[in-house]
Amino acid sequence: MGDEMDFNPYYGVFPYRDFIKTEGIPVIEAYSVDCHTVALEPWERLGGLGAYVHLAGKSDFLSAYVVEIPPGGELKPEQHMHDELMHVISGRGATVIEDPDGKKHSFEWGPTAIFGIPMNAKHQIFNGSGTEPARLAAVTDLPIIFNIFHRPEFIFENPFTFPERSETDRYYEGEGEFRKIKPGRHQWETNFVPDLVNFELPPWIARGAAGNNIQFLLGDSSMHCHISQFFEGTYKKAHAHNAGAHIFCVTGKGYSLLWKQGENPVDAMRVDWKPGTLYAPPDGPTYHQHFNVSQEQSRYLVFDFGGSRYPVLDSKMWIYENMDRSETAGGMQIEYEDEDPRIHELFEEELGKRGLRSRMHEFIPSRTA
Ligand SMILES: [Fe+2]
């Protein structure tokens with residue numbers, strides 16, 4: 001009976017899963033990965049070396065991959081009827097994106113840059129160095145698109161065009177449009193952000209520890225992208241939401257605690273991170289909380305399904321409205337005063353091991369450092 005289930009073509013068919021079996025590259029299933037070192041294999045379809053990364057919290061909508069372009073090399077030109085957000089892990093290079101009328105936009109990138117491939121725009125990615133490889137990580141909504149439409153020709157050979165998503169020249173020149181919404185939801189609308197480390201961020205105090213944040217809208221995509229910053233000797237408030245958030249550490253060093261309702265927060269799941277670490281809190285939903293144990297600011301980047309411009313799902317819009325509201329007020333955030341005291345104790349201990357000082361007394365007056 002079990003075997004029969006495995007081979008039944010009329011039940012439980014996931015065309016995305018069938019497709020990636022034909023790709024000839026590893027599919028890494030993990031809670032977290034280091035994008036710098038994850039093992040890659042030659043990728044016939046796209047060129048370069050690649051691996052799919054299916055994180056525990058990838059969600060039904062998304063998947064990720066890491067691709068490496070050898071020195072002096074390039075990926076094959078492609079276009080696809082799905083969204084794709086890219087983050088440069090290492091190396092330098094250039095991307096060319098073509099408008100439907102044939103006009104080409106070209107921009108050069110280095111470590112920490114992000115860009116969006118506008119829906120179905122022809123594009124190609126080049127390594128700009130003759131001596132160093134370049135590594136990029138991408139998060140796409142290919143799984144949901146494939147599982148709905150089934151046919152690779154629809155996704156990879158579709159003539160329909162979306163000029164409005166690709167034709168703004170200045171969006172490839174490191175420029176963009178600031179869209180004022182409210183703290184934690186302000187948007188920067190562009191197609192390319194060259195440097196995530198020095199990008200100026202507006203304040204977002206509601207998530208704690210004098211943090212800063214901005215939402216990016218890349219290529220008018222319906223995917224979510226944001227970056228948050230928090231400072232040395234601090235940690236942010238815990239919060240929960242459904243799976244999908246692919247979190248990249250961009251700068252700093254620290255750890256995140258992840259736990260489900262009722263679990264011991266310091267003894268459930270811990271991800272230690274440094275630049276290049278990628279992880280995704282699974283469904284549950286899973287509470288997660290970020291701790292900076294380095295001597296510098298930490299910034300992390302998130303790619304997810306459903307952006308603040310186009311949430312797609314009503315449930316996603318609910319998250320945008322409630323993500324930094326206290327649980328006691330019907331939201332999904334645990335205020336410092338309400339958190340399990342073992343969380344703060346562990347943080348002090350981790351800082352102590354490194355000879356660093358906590359700044360949390362500035363944000364939690366009831367606890368002295
Ligand atoms: Fe989160």
# chains A, B, ... in the order shown; residues from 1 in each chain; ligands from 1
$ residues_near_ligand --ligand "ligand 1" --cutoff "7 Å" --atoms "only C-alpha atoms and all ligand atoms" --output "NGL selection string"
:A and (239-241 or 245 or 288)
$ write_last_selection --atoms "N, CA, C and O atoms" --output "PDB file, in the first residue's frame"
ATOM      1  N   HIS A 239       9.424  37.795  18.464  1.00  0.00           N
ATOM      2  CA  HIS A 239       8.129  37.852  17.807  1.00  0.00           C
ATOM      3  C   HIS A 239       7.920  36.546  17.040  1.00  0.00           C
ATOM      4  O   HIS A 239       8.846  35.733  16.920  1.00  0.00           O
ATOM      5  N   ALA A 240       6.717  36.360  16.545  1.00  0.00           N
ATOM      6  CA  ALA A 240       6.388  35.124  15.827  1.00  0.00           C
ATOM      7  C   ALA A 240       5.592  35.458  14.573  1.00  0.00           C
ATOM      8  O   ALA A 240       4.922  36.488  14.506  1.00  0.00           O
ATOM      9  N   HIS A 241       5.729  34.628  13.564  1.00  0.00           N
ATOM     10  CA  HIS A 241       4.864  34.690  12.378  1.00  0.00           C
ATOM     11  C   HIS A 241       5.064  33.403  11.613  1.00  0.00           C
ATOM     12  O   HIS A 241       5.945  32.608  11.945  1.00  0.00           O
ATOM     13  N   ALA A 245      10.142  33.626   6.008  1.00  0.00           N
ATOM     14  CA  ALA A 245      11.182  34.655   6.146  1.00  0.00           C
ATOM     15  C   ALA A 245      12.572  34.023   6.061  1.00  0.00           C
ATOM     16  O   ALA A 245      12.996  33.317   6.969  1.00  0.00           O
ATOM     17  N   HIS A 288      11.010  33.998  17.396  1.00  0.00           N
ATOM     18  CA  HIS A 288      12.447  34.146  17.153  1.00  0.00           C
ATOM     19  C   HIS A 288      12.903  35.487  17.693  1.00  0.00           C
ATOM     20  O   HIS A 288      12.144  36.463  17.721  1.00  0.00           O
TER      21      HIS A 288
END
$ select_by_dssp --residues "range 44-235 of chain A" --states "strand (DSSP E)" --output "NGL selection string"
:A and (49-55 or 63-69 or 84-90 or 93-98 or 104-109 or 114-117 or 122-127 or 134-140 or 177-179 or 187-190 or 192-193 or 212-218 or 223-230)
$ residues_around --residues "Thr37 in chain A" --least-positions-apart "6" --cutoff "12 Å" --atoms "only C-alpha atoms" --output "list in words"
Gly50, Ala51, Val66, Val67, Glu68, Ile89, Ser90, Arg135, Leu136, Ala137, Pro275, Gly276, Thr277 and Leu278 of chain A
$ closest_residue --among "A:Ala94, A:Ala210, A:Ile319, A:Leu346" --to "Ser256 in chain A" --atoms "only C-alpha atoms"
A:Leu346
$ closest_residue --among "A:Gly57, A:Ala209, A:Pro285, A:Lys274" --to "Trp259 in chain A" --atoms "only C-alpha atoms"
A:Pro285
$ closest_residue --among "A:Pro203, A:Thr328, A:Tyr300, A:Gly233" --to "His344 in chain A" --atoms "only C-alpha atoms"
A:Gly233
$ select_by_dssp --residues "range 115-272 of chain A" --states "alpha helix (DSSP H)" --output "PDB file with N, CA and C atoms, in the first residue's frame"
ATOM      1  N   LEU A 142       9.353  30.321  -7.132  1.00  0.00           N
ATOM      2  CA  LEU A 142       9.202  29.257  -8.133  1.00  0.00           C
ATOM      3  C   LEU A 142       8.307  28.103  -7.651  1.00  0.00           C
ATOM      4  N   PRO A 143       8.406  27.653  -6.384  1.00  0.00           N
ATOM      5  CA  PRO A 143       7.566  26.502  -5.986  1.00  0.00           C
ATOM      6  C   PRO A 143       6.073  26.738  -6.191  1.00  0.00           C
ATOM      7  N   ILE A 144       5.564  27.874  -5.755  1.00  0.00           N
ATOM      8  CA  ILE A 144       4.118  28.078  -5.867  1.00  0.00           C
ATOM      9  C   ILE A 144       3.717  28.251  -7.337  1.00  0.00           C
ATOM     10  N   ILE A 145       4.576  28.945  -8.119  1.00  0.00           N
ATOM     11  CA  ILE A 145       4.283  29.148  -9.546  1.00  0.00           C
ATOM     12  C   ILE A 145       4.294  27.805 -10.284  1.00  0.00           C
ATOM     13  N   PHE A 146       5.315  26.988 -10.007  1.00  0.00           N
ATOM     14  CA  PHE A 146       5.417  25.681 -10.681  1.00  0.00           C
ATOM     15  C   PHE A 146       4.265  24.774 -10.288  1.00  0.00           C
ATOM     16  N   ASN A 147       3.929  24.780  -9.011  1.00  0.00           N
ATOM     17  CA  ASN A 147       2.867  23.876  -8.552  1.00  0.00           C
ATOM     18  C   ASN A 147       1.501  24.281  -9.098  1.00  0.00           C
ATOM     19  N   ILE A 148       1.336  25.542  -9.487  1.00  0.00           N
ATOM     20  CA  ILE A 148       0.070  25.977 -10.091  1.00  0.00           C
ATOM     21  C   ILE A 148       0.061  25.742 -11.600  1.00  0.00           C
ATOM     22  N   PHE A 149       1.153  26.137 -12.300  1.00  0.00           N
ATOM     23  CA  PHE A 149       1.116  26.107 -13.769  1.00  0.00           C
ATOM     24  C   PHE A 149       1.705  24.848 -14.398  1.00  0.00           C
ATOM     25  N   PRO A 152       7.124  23.936 -17.534  1.00  0.00           N
ATOM     26  CA  PRO A 152       8.333  24.761 -17.587  1.00  0.00           C
ATOM     27  C   PRO A 152       8.305  25.789 -18.724  1.00  0.00           C
ATOM     28  N   GLU A 153       7.643  25.457 -19.840  1.00  0.00           N
ATOM     29  CA  GLU A 153       7.586  26.403 -20.972  1.00  0.00           C
ATOM     30  C   GLU A 153       6.845  27.675 -20.572  1.00  0.00           C
ATOM     31  N   PHE A 154       5.812  27.532 -19.761  1.00  0.00           N
ATOM     32  CA  PHE A 154       5.071  28.715 -19.308  1.00  0.00           C
ATOM     33  C   PHE A 154       5.983  29.606 -18.478  1.00  0.00           C
ATOM     34  N   ILE A 155       6.835  28.988 -17.664  1.00  0.00           N
ATOM     35  CA  ILE A 155       7.659  29.761 -16.731  1.00  0.00           C
ATOM     36  C   ILE A 155       8.915  30.332 -17.412  1.00  0.00           C
ATOM     37  N   PHE A 156       9.572  29.528 -18.266  1.00  0.00           N
ATOM     38  CA  PHE A 156      10.884  29.935 -18.792  1.00  0.00           C
ATOM     39  C   PHE A 156      10.859  30.424 -20.244  1.00  0.00           C
TER      40      PHE A 156
END
$ closest_residue --among "A:Met360, A:Leu257, A:Leu62, A:Met269" --to "His82 in chain A" --atoms "only C-alpha atoms"
A:Leu62
$ residues_around --residues "Ala138 in chain A" --least-positions-apart "5" --cutoff "6 Å" --atoms "only C-alpha atoms" --output "list of chain:residue names"
A:Ala64, A:Tyr65, A:Leu85, A:Met86
$ closest_residue --among "A:His80, A:Arg270, A:Arg45, A:Lys237" --to "Ser32 in chain A" --atoms "only C-alpha atoms"
A:Arg270
$ residues_around --residues "Gly254 in chain A" --least-positions-apart "3" --cutoff "12 Å" --atoms "only C-alpha atoms" --output "number ranges by chain"
A: 230-236, 249-251, 257, 270-275, 277, 289-300, 347, 350-351, 354
$ residues_around --residues "Tyr31 in chain A" --least-positions-apart "6" --cutoff "8 Å" --atoms "only C-alpha atoms" --output "count of residues only"
5
$ atom_distance --atom1 "CA of Gly130 in chain A" --atom2 "CA of Ile69 in chain A"
10.7 Å
